[in-house]
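Novice: For reference, this is query-v1.cif, and it has mmCIF, C-alpha atoms and all ligand atoms.
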```
data_structure
loop_
_atom_site.label_atom_id
_atom_site.label_comp_id
_atom_site.auth_asym_id
_atom_site.auth_seq_id
_atom_site.Cartn_x
_atom_site.Cartn_y
_atom_site.Cartn_z
CA MET A 11 -5.67 43.88 -0.14
CA SER A 12 -8.07 40.99 0.22
CA ALA A 13 -7.76 37.26 0.60
CA ILE A 14 -9.43 35.09 -2.05
CA ILE A 15 -10.66 31.74 -0.80
CA LEU A 16 -11.95 29.01 -3.06
CA ASN A 17 -13.81 26.20 -1.32
CA LYS A 18 -14.56 23.04 -3.34
CA VAL A 19 -15.16 25.08 -6.48
CA ARG A 20 -16.52 23.07 -9.39
CA LYS A 21 -17.40 23.95 -12.98
CA ASN A 22 -19.33 21.88 -15.46
CA TYR A 23 -20.08 23.40 -18.86
CA GLY A 24 -22.72 20.76 -19.57
CA GLY A 25 -20.52 17.87 -20.73
CA ASP A 26 -19.68 14.57 -19.04
CA VAL A 27 -16.42 15.82 -17.57
CA ASP A 28 -16.09 18.75 -15.16
CA ALA A 29 -13.80 21.54 -16.39
CA ILE A 30 -12.90 22.21 -12.72
CA HIS A 31 -13.13 19.44 -10.11
CA SER A 32 -13.54 20.58 -6.50
CA VAL A 33 -10.67 23.09 -6.27
CA SER A 34 -9.89 24.48 -2.80
CA LEU A 35 -7.31 27.22 -2.48
CA SER A 36 -6.52 30.12 -0.13
CA ILE A 37 -4.82 33.13 -1.67
CA ALA A 38 -3.34 35.41 1.00
CA PRO A 39 -3.85 39.19 0.98
CA GLY A 40 -1.16 40.75 -1.25
CA GLU A 41 -0.04 37.41 -2.63
CA PHE A 42 0.93 36.93 -6.30
CA LEU A 43 -0.46 33.52 -7.20
CA VAL A 44 0.20 32.02 -10.63
CA LEU A 45 -2.05 29.38 -12.21
CA VAL A 46 -0.08 27.33 -14.68
CA GLY A 47 -0.76 24.24 -16.75
CA PRO A 48 -1.20 23.00 -20.30
CA SER A 49 -3.85 24.25 -22.71
CA GLY A 50 -7.36 23.25 -21.69
CA CYS A 51 -6.51 22.42 -18.05
CA GLY A 52 -9.00 25.02 -16.76
CA LYS A 53 -6.86 28.08 -15.94
CA SER A 54 -9.11 30.63 -17.65
CA THR A 55 -12.23 28.92 -16.34
CA LEU A 56 -11.02 29.20 -12.75
CA LEU A 57 -9.96 32.84 -13.22
CA ARG A 58 -13.27 33.73 -14.90
CA MET A 59 -15.15 32.13 -12.01
CA ILE A 60 -13.25 34.37 -9.56
CA ALA A 61 -14.08 37.35 -11.78
CA GLY A 62 -17.74 36.33 -11.94
CA LEU A 63 -17.71 35.90 -15.72
CA GLU A 64 -18.56 32.20 -15.23
CA SER A 65 -20.91 30.81 -12.61
CA CYS A 66 -19.87 28.10 -10.12
CA THR A 67 -21.51 24.69 -10.56
CA GLY A 68 -20.53 23.99 -6.95
CA GLY A 69 -18.54 25.38 -4.04
CA THR A 70 -17.98 28.95 -2.85
CA ILE A 71 -15.67 31.81 -3.73
CA ARG A 72 -14.85 34.38 -1.07
CA ILE A 73 -13.15 37.72 -1.84
CA GLY A 74 -12.28 39.54 1.38
CA GLU A 75 -15.20 39.18 3.76
CA ARG A 76 -17.85 38.35 1.15
CA ILE A 77 -18.94 35.14 -0.53
CA VAL A 78 -19.29 36.43 -4.08
CA ASN A 79 -21.04 33.53 -5.87
CA GLU A 80 -24.13 35.66 -6.34
CA VAL A 81 -22.29 39.00 -6.75
CA ALA A 82 -22.13 40.51 -10.28
CA PRO A 83 -18.63 40.92 -11.83
CA ALA A 84 -18.77 44.73 -11.61
CA GLU A 85 -19.54 44.53 -7.89
CA ARG A 86 -16.70 42.13 -7.00
CA ASP A 87 -14.03 44.83 -6.64
CA ILE A 88 -11.60 43.08 -8.96
CA ALA A 89 -9.83 44.29 -12.11
CA MET A 90 -9.06 41.91 -14.94
CA VAL A 91 -6.23 42.27 -17.50
CA PHE A 92 -6.63 40.21 -20.66
CA GLN A 93 -4.31 39.04 -23.41
CA ASN A 94 -6.15 41.14 -26.01
CA TYR A 95 -6.07 44.28 -23.77
CA ALA A 96 -9.82 44.92 -24.34
CA LEU A 97 -9.33 48.69 -24.72
CA TYR A 98 -12.08 50.88 -26.21
CA PRO A 99 -10.74 51.77 -29.69
CA HIS A 100 -12.68 55.03 -30.07
CA MET A 101 -11.48 56.46 -26.75
CA SER A 102 -8.13 58.07 -25.99
CA VAL A 103 -5.82 56.44 -23.48
CA ARG A 104 -6.93 58.99 -20.88
CA GLU A 105 -10.60 58.21 -21.55
CA ASN A 106 -9.91 54.47 -21.39
CA LEU A 107 -8.30 54.94 -17.98
CA ALA A 108 -11.11 57.18 -16.75
CA TYR A 109 -14.03 55.09 -18.05
CA GLY A 110 -14.45 52.63 -15.19
CA LEU A 111 -14.01 55.37 -12.60
CA LYS A 112 -16.61 57.65 -14.23
CA ASN A 113 -19.07 54.76 -14.20
CA ARG A 114 -18.49 54.44 -10.48
CA LYS A 115 -19.14 58.18 -10.05
CA THR A 116 -15.63 58.82 -8.74
CA PRO A 117 -15.08 62.59 -8.23
CA LYS A 118 -13.38 64.26 -11.22
CA ALA A 119 -10.36 65.51 -9.26
CA ASP A 120 -9.79 62.02 -7.87
CA ILE A 121 -9.98 60.50 -11.37
CA GLU A 122 -7.37 62.96 -12.65
CA LYS A 123 -5.07 62.25 -9.72
CA ARG A 124 -5.32 58.48 -10.15
CA ILE A 125 -4.69 58.70 -13.91
CA ALA A 126 -1.65 60.92 -13.34
CA GLN A 127 -0.23 58.44 -10.80
CA ALA A 128 -0.83 55.37 -12.99
CA ALA A 129 0.48 57.11 -16.13
CA LYS A 130 3.66 58.02 -14.27
CA ALA A 131 4.15 54.54 -12.81
CA LEU A 132 3.65 52.94 -16.23
CA GLU A 133 5.51 55.60 -18.23
CA ILE A 134 2.56 56.22 -20.55
CA GLU A 135 2.26 59.97 -19.87
CA PRO A 136 3.27 60.93 -23.45
CA PHE A 137 0.47 58.79 -24.94
CA LEU A 138 -2.51 59.91 -22.86
CA GLU A 139 -4.22 61.73 -25.75
CA ARG A 140 -3.60 58.95 -28.32
CA LYS A 141 -6.05 56.27 -29.42
CA PRO A 142 -5.11 52.62 -28.72
CA ARG A 143 -4.43 51.96 -32.43
CA GLN A 144 -1.68 54.61 -32.31
CA LEU A 145 0.20 52.56 -29.70
CA SER A 146 2.54 49.56 -29.89
CA GLY A 147 1.48 46.24 -28.34
CA GLY A 148 3.62 46.86 -25.27
CA GLN A 149 2.17 50.36 -24.80
CA ARG A 150 -1.39 48.99 -25.11
CA GLN A 151 -0.57 46.36 -22.50
CA ARG A 152 0.59 49.16 -20.19
CA VAL A 153 -2.69 51.02 -20.72
CA ALA A 154 -4.62 47.84 -19.91
CA MET A 155 -2.54 47.53 -16.75
CA GLY A 156 -3.18 51.24 -15.99
CA ARG A 157 -6.90 50.73 -16.29
CA ALA A 158 -6.67 48.00 -13.66
CA ILE A 159 -4.48 50.09 -11.33
CA VAL A 160 -6.64 53.25 -11.31
CA ARG A 161 -9.57 51.25 -9.97
CA LYS A 162 -7.57 50.37 -6.81
CA PRO A 163 -9.32 47.01 -6.70
CA ALA A 164 -9.10 44.34 -4.01
CA ALA A 165 -7.50 42.00 -6.55
CA PHE A 166 -5.97 41.88 -10.01
CA LEU A 167 -6.81 38.94 -12.27
CA PHE A 168 -4.52 38.42 -15.26
CA ASP A 169 -5.23 36.00 -18.12
CA GLU A 170 -2.04 35.51 -20.17
CA PRO A 171 -1.56 39.28 -20.41
CA LEU A 172 1.82 39.06 -22.14
CA SER A 173 1.25 36.38 -24.76
CA ASN A 174 0.83 38.84 -27.64
CA LEU A 175 4.19 40.49 -26.99
CA ASP A 176 7.57 39.55 -28.43
CA ALA A 177 10.07 37.69 -26.24
CA LYS A 178 12.09 40.74 -25.17
CA LEU A 179 9.06 42.83 -24.27
CA ARG A 180 7.54 39.92 -22.35
CA VAL A 181 10.58 39.76 -20.09
CA GLN A 182 10.51 43.55 -19.57
CA MET A 183 6.76 43.61 -18.85
CA ARG A 184 6.88 40.66 -16.46
CA VAL A 185 9.46 42.51 -14.37
CA GLU A 186 7.30 45.66 -14.50
CA ILE A 187 4.06 43.92 -13.53
CA LYS A 188 5.80 42.20 -10.65
CA ARG A 189 7.38 45.48 -9.47
CA LEU A 190 4.03 47.32 -9.65
CA GLN A 191 2.18 44.54 -7.87
CA ARG A 192 4.76 44.54 -5.10
CA ALA A 193 4.55 48.33 -4.74
CA LEU A 194 0.73 48.28 -4.65
CA GLY A 195 0.46 45.11 -2.58
CA THR A 196 -2.67 44.04 -4.48
CA THR A 197 -3.66 40.36 -4.30
CA SER A 198 -3.13 38.93 -7.79
CA VAL A 199 -4.04 35.78 -9.67
CA TYR A 200 -2.07 35.40 -12.87
CA VAL A 201 -2.72 32.77 -15.53
CA THR A 202 0.01 31.65 -17.90
CA HIS A 203 1.11 28.52 -19.70
CA ASP A 204 4.67 29.86 -19.81
CA GLN A 205 6.65 28.14 -17.09
CA MET A 206 9.40 30.82 -17.12
CA GLU A 207 6.78 33.50 -16.43
CA ALA A 208 5.28 31.28 -13.75
CA MET A 209 8.62 30.61 -12.05
CA THR A 210 9.85 34.21 -12.09
CA MET A 211 6.64 36.01 -11.08
CA ALA A 212 4.91 33.75 -8.58
CA ASP A 213 4.98 33.95 -4.80
CA ARG A 214 3.19 30.60 -5.08
CA LEU A 215 2.41 28.47 -8.08
CA VAL A 216 -0.60 26.28 -8.68
CA VAL A 217 -0.12 23.58 -11.30
CA LEU A 218 -3.45 22.54 -12.80
CA ASN A 219 -3.92 19.26 -14.63
CA ALA A 220 -7.26 18.51 -16.29
CA GLY A 221 -9.24 20.67 -13.86
CA ARG A 222 -7.51 19.44 -10.71
CA ILE A 223 -4.75 20.95 -8.58
CA GLU A 224 -1.66 18.85 -9.11
CA GLN A 225 0.56 20.82 -6.69
CA VAL A 226 0.69 24.18 -4.90
CA GLY A 227 3.91 25.73 -3.60
CA THR A 228 6.68 28.23 -4.08
CA PRO A 229 8.42 28.01 -7.46
CA ILE A 230 11.57 26.63 -5.84
CA ALA A 231 9.62 23.99 -3.87
CA LEU A 232 7.97 22.78 -7.07
CA TYR A 233 11.32 22.72 -8.83
CA GLU A 234 13.09 20.86 -6.05
CA GLN A 235 10.27 18.57 -4.89
CA PRO A 236 7.80 18.03 -7.72
CA ALA A 237 4.87 16.01 -6.39
CA SER A 238 4.39 14.09 -9.63
CA THR A 239 5.92 13.36 -13.01
CA PHE A 240 3.39 15.85 -14.43
CA VAL A 241 4.79 18.71 -12.34
CA ALA A 242 8.34 17.46 -12.87
CA SER A 243 8.01 17.66 -16.62
CA PHE A 244 6.11 20.98 -16.55
CA ILE A 245 8.38 23.02 -14.24
CA GLY A 246 11.97 23.52 -15.43
CA SER A 247 13.36 23.96 -18.91
CA PRO A 248 14.51 21.83 -20.65
CA ALA A 249 12.15 19.39 -18.95
CA MET A 250 13.27 16.76 -16.43
CA ASN A 251 14.46 13.49 -17.97
CA LEU A 252 12.14 10.66 -16.91
CA LEU A 253 13.10 7.00 -17.20
CA ALA A 254 10.78 4.09 -16.42
CA SER A 255 12.23 1.31 -14.27
CA ASP A 256 12.00 -1.18 -17.13
CA GLN A 257 14.69 0.85 -18.89
CA GLN A 258 17.13 0.29 -16.06
CA ALA A 259 19.15 -2.18 -18.10
CA HIS A 260 20.39 0.89 -19.98
CA TRP A 261 21.64 2.91 -17.02
CA GLN A 262 23.18 2.10 -13.63
CA ALA A 263 22.15 3.22 -10.17
CA GLY A 264 25.04 4.57 -8.08
CA ASP A 265 25.81 3.09 -4.67
CA ALA A 266 23.80 5.72 -2.76
CA LEU A 267 20.58 5.25 -4.70
CA GLN A 268 18.17 2.70 -3.29
CA LEU A 269 15.49 1.93 -5.81
CA PRO A 270 12.09 0.53 -4.90
CA SER A 271 11.36 -3.00 -6.02
CA GLU A 272 7.99 -2.01 -7.54
CA PRO A 273 7.75 -0.34 -10.96
CA HIS A 274 8.79 3.32 -10.73
CA THR A 275 10.15 6.25 -12.68
CA VAL A 276 13.51 7.93 -12.15
CA GLY A 277 13.84 11.64 -12.90
CA VAL A 278 17.00 13.70 -13.42
CA ARG A 279 17.04 17.33 -14.52
CA PRO A 280 19.23 18.23 -17.52
CA GLU A 281 21.25 20.64 -15.32
CA HIS A 282 22.03 17.89 -12.79
CA LEU A 283 23.61 15.50 -15.29
CA HIS A 284 27.34 15.97 -15.75
CA THR A 285 29.82 14.35 -18.05
CA LEU A 286 32.30 11.98 -16.38
CA ALA A 287 35.88 11.89 -17.64
CA PRO A 288 37.28 8.42 -18.49
CA GLY A 289 38.41 6.70 -15.31
CA GLN A 290 36.39 9.03 -13.06
CA PRO A 291 34.45 7.04 -10.40
CA PRO A 292 30.74 6.56 -11.05
CA ALA A 293 28.29 9.10 -9.64
CA SER A 294 26.41 8.27 -6.42
CA GLY A 295 22.95 8.31 -8.05
CA PHE A 296 22.69 7.83 -11.78
CA ASN A 297 25.16 6.67 -14.43
CA ALA A 298 24.70 6.04 -18.13
CA THR A 299 26.63 5.77 -21.34
CA VAL A 300 24.93 7.80 -24.05
CA ARG A 301 25.51 8.79 -27.65
CA ILE A 302 25.31 12.50 -28.53
CA GLU A 303 22.72 12.97 -31.27
CA ALA A 304 22.58 16.76 -31.49
CA ILE A 305 23.86 19.87 -29.72
CA GLU A 306 21.92 23.11 -29.29
CA LEU A 307 24.03 26.17 -28.47
CA VAL A 308 21.89 28.75 -26.69
CA GLY A 309 24.56 31.27 -25.74
CA ALA A 310 25.55 30.91 -22.10
CA GLU A 311 24.86 27.17 -22.16
CA SER A 312 24.43 24.20 -24.45
CA TYR A 313 21.92 21.37 -24.54
CA LEU A 314 23.27 17.94 -25.45
CA HIS A 315 20.53 15.77 -26.93
CA CYS A 316 21.66 12.23 -26.15
CA ALA A 317 20.31 8.69 -26.47
CA LEU A 318 20.64 5.62 -24.26
CA ALA A 319 21.48 2.31 -25.97
CA ASN A 320 17.74 1.61 -26.31
CA GLY A 321 17.21 4.94 -28.04
CA HIS A 322 15.55 6.70 -25.07
CA ALA A 323 16.34 10.43 -25.19
CA LEU A 324 18.23 12.25 -22.43
CA VAL A 325 18.92 15.98 -22.42
CA VAL A 326 21.99 17.35 -20.66
CA ARG A 327 22.48 21.04 -19.93
CA VAL A 328 26.12 22.12 -19.82
CA PRO A 329 27.56 25.60 -19.27
CA GLY A 330 29.24 27.43 -22.15
CA ARG A 331 29.71 26.18 -25.64
CA ALA A 332 29.76 22.39 -25.94
CA THR A 333 32.32 21.10 -28.45
CA HIS A 334 31.61 17.37 -28.23
CA PRO A 335 31.56 15.60 -31.58
CA ILE A 336 28.17 14.35 -32.74
CA ASP A 337 27.81 10.55 -32.42
CA ALA A 338 30.46 10.47 -29.68
CA PHE A 339 29.74 8.26 -26.66
CA ILE A 340 29.99 9.98 -23.28
CA GLN A 341 29.56 8.89 -19.70
CA LEU A 342 26.95 10.78 -17.67
CA GLY A 343 26.48 10.92 -13.91
CA ALA A 344 24.20 12.59 -11.36
CA ALA A 345 24.37 12.78 -7.56
CA ALA A 346 21.84 10.67 -5.62
CA THR A 347 20.41 13.86 -4.09
CA ASP A 348 19.56 15.07 -7.61
CA VAL A 349 17.65 11.92 -8.56
CA HIS A 350 13.84 12.06 -8.17
CA LEU A 351 11.76 8.91 -7.72
CA PHE A 352 8.12 8.52 -8.71
CA GLY A 353 5.78 5.55 -8.24
CA ALA A 354 3.86 3.71 -10.95
CA ASP A 355 1.00 6.20 -10.45
CA GLY A 356 3.38 9.11 -11.21
CA ARG A 357 3.34 10.41 -7.60
CA ARG A 358 6.60 11.32 -5.89
CA LEU A 359 8.08 8.62 -3.65
CA GLU A 360 9.73 9.40 -0.33
CA ARG A 361 13.48 9.26 -0.80
CA LEU A 362 14.94 5.88 0.05
CA THR A 363 18.46 7.16 -0.45
CA SER A 364 21.01 8.08 2.16
CA PRO A 365 23.82 9.81 0.32
CA SER A 366 26.27 9.27 3.18
CA LYS A 367 25.62 5.52 3.28
CA PRO A 368 28.95 3.66 3.15
CA LYS A 369 29.54 1.50 0.13
CA VAL A 370 28.78 -2.17 0.84
CA CYS A 371 31.27 -4.52 -0.77
CA ALA A 372 30.06 -8.00 -1.70
N1 LIG B 401 -17.77 28.25 -22.62
C1 LIG B 401 -17.39 26.97 -22.62
N2 LIG B 401 -18.26 25.97 -22.92
C2 LIG B 401 -17.90 24.67 -22.88
N3 LIG B 401 -16.66 24.24 -22.56
C3 LIG B 401 -15.74 25.18 -22.27
C4 LIG B 401 -16.06 26.58 -22.29
N4 LIG B 401 -14.93 27.28 -21.95
C5 LIG B 401 -13.98 26.35 -21.76
N5 LIG B 401 -14.45 25.10 -21.94
C6 LIG B 401 -13.69 23.83 -21.76
O1 LIG B 401 -13.21 23.78 -20.43
C7 LIG B 401 -11.88 23.29 -20.39
C8 LIG B 401 -10.97 24.30 -19.74
O2 LIG B 401 -10.87 25.44 -20.60
P1 LIG B 401 -10.05 26.75 -20.22
O3 LIG B 401 -10.34 27.77 -21.25
O4 LIG B 401 -10.32 27.07 -18.80
O5 LIG B 401 -8.54 26.21 -20.37
P2 LIG B 401 -7.16 26.98 -20.24
O6 LIG B 401 -6.36 26.23 -19.23
O7 LIG B 401 -7.38 28.42 -20.01
O8 LIG B 401 -6.49 26.73 -21.68
P3 LIG B 401 -5.59 27.71 -22.60
O9 LIG B 401 -4.17 27.60 -22.04
O10 LIG B 401 -5.69 27.06 -23.94
O11 LIG B 401 -6.15 29.08 -22.54
C9 LIG B 401 -11.52 22.93 -21.82
O12 LIG B 401 -11.75 21.57 -22.01
C10 LIG B 401 -12.46 23.76 -22.64
O13 LIG B 401 -12.74 23.15 -23.87
MG MG B 402 -7.01 30.17 -21.14
#
```
When written as structure tokens, how does the structure in this file appear?
Ligand SMILES: Nc1ncnc2c1ncn2[C@@H]1O[C@H](COP(=O)(O)OP(=O)(O)OP(=O)(O)O)[C@@H](O)[C@H]1O
Ligand SMILES: [Mg+2]
Specialist:
Amino acid sequence: MSAIILNKVRKNYGGDVDAIHSVSLSIAPGEFLVLVGPSGCGKSTLLRMIAGLESCTGGTIRIGERIVNEVAPAERDIAMVFQNYALYPHMSVRENLAYGLKNRKTPKADIEKRIAQAAKALEIEPFLERKPRQLSGGQRQRVAMGRAIVRKPAAFLFDEPLSNLDAKLRVQMRVEIKRLQRALGTTSVYVTHDQMEAMTMADRLVVLNAGRIEQVGTPIALYEQPASTFVASFIGSPAMNLLASDQQAHWQAGDALQLPSEPHTVGVRPEHLHTLAPGQPPASGFNATVRIEAIELVGAESYLHCALANGHALVVRVPGRATHPIDAFIQLGAAATDVHLFGADGRRLERLTSPSKPKVCA
């Protein structure tokens, strides 16, 4: 278990714009840190810099007690797991697992013991004599994971390791990777663009936006207190509804919501909008009349795709199977505590609301 500390790390590939702008981050020993963000935001670059596969243009990277900027990848005591598994096709699974250890002159008995332990933990014992091409994608991913485990490295680095697997296997493997990492207690940095993977696996999440850290925190902190509209729309599915203040003619603030006078954006998550029955009092935070344009049934819940009078889309997540007629008008409400406010620059605003504030009658 080692800490990984990035101090003002910068990467420039030679163009006008840095791929990574001065990123500072402390990853605690044993922590599972997930780097998440849209395509091209610099996730792989940052991970490859930790691995030593890319140099740093500026700043320092520390793994454990050592600054590793000048240390070769093989000497950094890290194991990387890639999306394409990177197994040697001409070697059996056993040989693939043993390869890195043999190179490090690990004693034969120790190699055999480590392979046996990893094969058991990953349930790949029956395939040890097979070649990678004789395995399914999920089994290959397990072997790739096994190759990382047998090394007993100071840290695991994962770059979208599950993106070649089908949806069901992805869910199964993400639970397995998390369970293994917890059992081994190995510091891990995991890159994904899948926010579900990010939310379910991370001890802490780092949201990257164009080479900069947008926010760092626990998944629940990022969900409940997104620091910006970027994080708000990236974490949570379906994404948070965002409405600019110039659209306020088309919805009404409840009596507990105090809106800033400057331009701003109001955010409400689809799961926090509820339908109000006729005659029901307005919600304390957000109220709107919308037309239902489409309904998606996804099993345990339904997504109502709605539109405000000006056509702006709003998504509502309701439990069970929605039976509303298409084109019907419904009244939506959300509690003031579930309304997020962002400034004109997209940054979160301190809450001006006091939900218990008594209603002031004119
Ligand atoms: N070897 C390279 N040479 C020049 N530019 C590069 C190189 N590798 C990456 N980049 C650029 O750096 C930026 C970050 O790329 P990176 O691969 O780190 O993104 P990413 O977040 O991993 O994206 P994805 O989710 O698509 O894998 C992109 O603009 C990319 O075009
Ligand atoms: Mg990448």
Novice: Find the spatial neighbours of A:Val226, counting all atoms listed in the file, within a cut-off of 7 Å - ignore same-chain residues fewer than 5 positions away - and output them as number ranges by chain.
Specialist: A: 214-217
Novice: Please provide as a PyMOL selection string all residues within 12 Å of A:Glu281, with the sequence filter that same-chain residues fewer than 6 positions apart are discarded (counting all atoms listed in the file).
Specialist: chain A and resi 246-251+311-314+324-329+342-345+348-349
Novice: Do you know which residues lie at most 12 Å from (-3.8, 29.1, -5.2), with coordinates as in the file and only C-alpha atoms counted, and could you write them as a ChimeraX atom specification?
Specialist: /A:13-17,33-39,41-46,53,56-57,60,197-201,212-218,222-228
Novice: Please build the interface table for chain A against ligand MG 402 (chain B) with a cut-off of 10 Å, listing for each qualifying residue the nearest atom pair and the distance in Å to one decimal; count only C-alpha atoms and all ligand atoms, order rows by chain and increasing number, and write it as a Markdown table.
Specialist:
```
| residue | atom | partner | partner_atom | distance |
| --- | --- | --- | --- | --- |
| A:Val46 | CA | B:MG402 | MG | 9.9 |
| A:Gly47 | CA | B:MG402 | MG | 9.7 |
| A:Pro48 | CA | B:MG402 | MG | 9.3 |
| A:Ser49 | CA | B:MG402 | MG | 6.9 |
| A:Gly50 | CA | B:MG402 | MG | 7.0 |
| A:Cys51 | CA | B:MG402 | MG | 8.4 |
| A:Gly52 | CA | B:MG402 | MG | 7.0 |
| A:Lys53 | CA | B:MG402 | MG | 5.6 |
| A:Ser54 | CA | B:MG402 | MG | 4.1 |
| A:Thr55 | CA | B:MG402 | MG | 7.2 |
| A:Leu56 | CA | B:MG402 | MG | 9.3 |
| A:Leu57 | CA | B:MG402 | MG | 8.9 |
| A:Arg58 | CA | B:MG402 | MG | 9.5 |
| A:Gln93 | CA | B:MG402 | MG | 9.5 |
| A:Asp169 | CA | B:MG402 | MG | 6.8 |
| A:Glu170 | CA | B:MG402 | MG | 7.4 |
| A:Val201 | CA | B:MG402 | MG | 7.5 |
| A:Thr202 | CA | B:MG402 | MG | 7.9 |
| A:His203 | CA | B:MG402 | MG | 8.4 |
```
Novice: Pick from A:Asp256, A:Asp176, A:Asp204, A:Glu135: nearest to ligand LIG 401 (chain B), with all atoms listed in the file counted?
Specialist: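 That would be A:Asp204, the residue with the smallest distance to ligand LIG 401 (chain B).
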Novice: Pull the neighbourhood of (23.6, 13.2, -24.4) for me: all residues within 10 Å in file coordinates, counting only C-alpha atoms, as a ChimeraX atom specification.
Specialist: /A:280,283-285,298-305,313-318,323-327,334,336-342
Novice: Please save C-alpha atoms of the selected residues as a PDB file, keeping the file's coordinate frame.
Specialist:
```
ATOM      1  CA  PRO A 280      19.230  18.230 -17.520  1.00  0.00           C
ATOM      2  CA  LEU A 283      23.610  15.500 -15.290  1.00  0.00           C
ATOM      3  CA  HIS A 284      27.340  15.970 -15.750  1.00  0.00           C
ATOM      4  CA  THR A 285      29.820  14.350 -18.050  1.00  0.00           C
ATOM      5  CA  ALA A 298      24.700   6.040 -18.130  1.00  0.00           C
ATOM      6  CA  THR A 299      26.630   5.770 -21.340  1.00  0.00           C
ATOM      7  CA  VAL A 300      24.930   7.800 -24.050  1.00  0.00           C
ATOM      8  CA  ARG A 301      25.510   8.790 -27.650  1.00  0.00           C
ATOM      9  CA  ILE A 302      25.310  12.500 -28.530  1.00  0.00           C
ATOM     10  CA  GLU A 303      22.720  12.970 -31.270  1.00  0.00           C
ATOM     11  CA  ALA A 304      22.580  16.760 -31.490  1.00  0.00           C
ATOM     12  CA  ILE A 305      23.860  19.870 -29.720  1.00  0.00           C
ATOM     13  CA  TYR A 313      21.920  21.370 -24.540  1.00  0.00           C
ATOM     14  CA  LEU A 314      23.270  17.940 -25.450  1.00  0.00           C
ATOM     15  CA  HIS A 315      20.530  15.770 -26.930  1.00  0.00           C
ATOM     16  CA  CYS A 316      21.660  12.230 -26.150  1.00  0.00           C
ATOM     17  CA  ALA A 317      20.310   8.690 -26.470  1.00  0.00           C
ATOM     18  CA  LEU A 318      20.640   5.620 -24.260  1.00  0.00           C
ATOM     19  CA  ALA A 323      16.340  10.430 -25.190  1.00  0.00           C
ATOM     20  CA  LEU A 324      18.230  12.250 -22.430  1.00  0.00           C
ATOM     21  CA  VAL A 325      18.920  15.980 -22.420  1.00  0.00           C
ATOM     22  CA  VAL A 326      21.990  17.350 -20.660  1.00  0.00           C
ATOM     23  CA  ARG A 327      22.480  21.040 -19.930  1.00  0.00           C
ATOM     24  CA  HIS A 334      31.610  17.370 -28.230  1.00  0.00           C
ATOM     25  CA  ILE A 336      28.170  14.350 -32.740  1.00  0.00           C
ATOM     26  CA  ASP A 337      27.810  10.550 -32.420  1.00  0.00           C
ATOM     27  CA  ALA A 338      30.460  10.470 -29.680  1.00  0.00           C
ATOM     28  CA  PHE A 339      29.740   8.260 -26.660  1.00  0.00           C
ATOM     29  CA  ILE A 340      29.990   9.980 -23.280  1.00  0.00           C
ATOM     30  CA  GLN A 341      29.560   8.890 -19.700  1.00  0.00           C
ATOM     31  CA  LEU A 342      26.950  10.780 -17.670  1.00  0.00           C
TER      32      LEU A 342
END
```
Novice: Residues near stretch 124-129 of chain A, anyone? I mean within 7 Å using all atoms listed in the file, not counting same-chain ones fewer than 3 positions away, as a PyMOL selection string.
Specialist: chain A and resi 107+120-121+132-135+156+159-160
Novice: Can you tell me, as JSON, the centre and edge lengths (Å, one decimal) of the axis-aligned box enclosing all of ligand LIG 401 (chain B)'s listed atoms after padding each side by 8 Å?
Specialist:
```
{"center_x": -11.2, "center_y": 25.3, "center_z": -21.4, "size_x": 30.1, "size_y": 23.5, "size_z": 21.1}
```
Novice: Atom CA of A:Gly110 to atom CA of A:Arg161: how many Å, to one decimal?
Specialist: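 If I compute the distance from atom CA of A:Gly110 to atom CA of A:Arg161, I get 7.3 Å.
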Novice: Out of A:Gly221, A:Met209, A:Ala158, A:Glu122, which residue has the shortest atom-to-atom distance to A:Val27 when counting only C-alpha atoms?
Specialist: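 Result for the nearest residue to A:Val27: A:Gly221.
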Novice: How far is it from atom CA of A:His274 to atom CA of A:Ile230, in Å with one decimal?
Specialist: 24.0 Å
Novice: Of the candidates A:Met206, A:Val103, A:Leu359, A:Ala220, which one gets nearest to ligand LIG 401 (chain B) if we count all atoms listed in the file?
Specialist: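 Closest to ligand LIG 401 (chain B) of all the choices is A:Ala220.
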Novice: Record the distance separating atom CA of A:Gly264 and atom CA of A:Gln290, expressed in Å with one decimal.
Specialist: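 Spanning atom CA of A:Gly264 to atom CA of A:Gln290 is a straight-line distance of 13.2 Å.
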Novice: Kindly indicate which residue among A:Asn113, A:Asn174, A:Asn106, A:Asn219 lies nearest to ligand LIG 401 (chain B), using only C-alpha atoms and all ligand atoms for the distances.
Specialist: A:Asn219
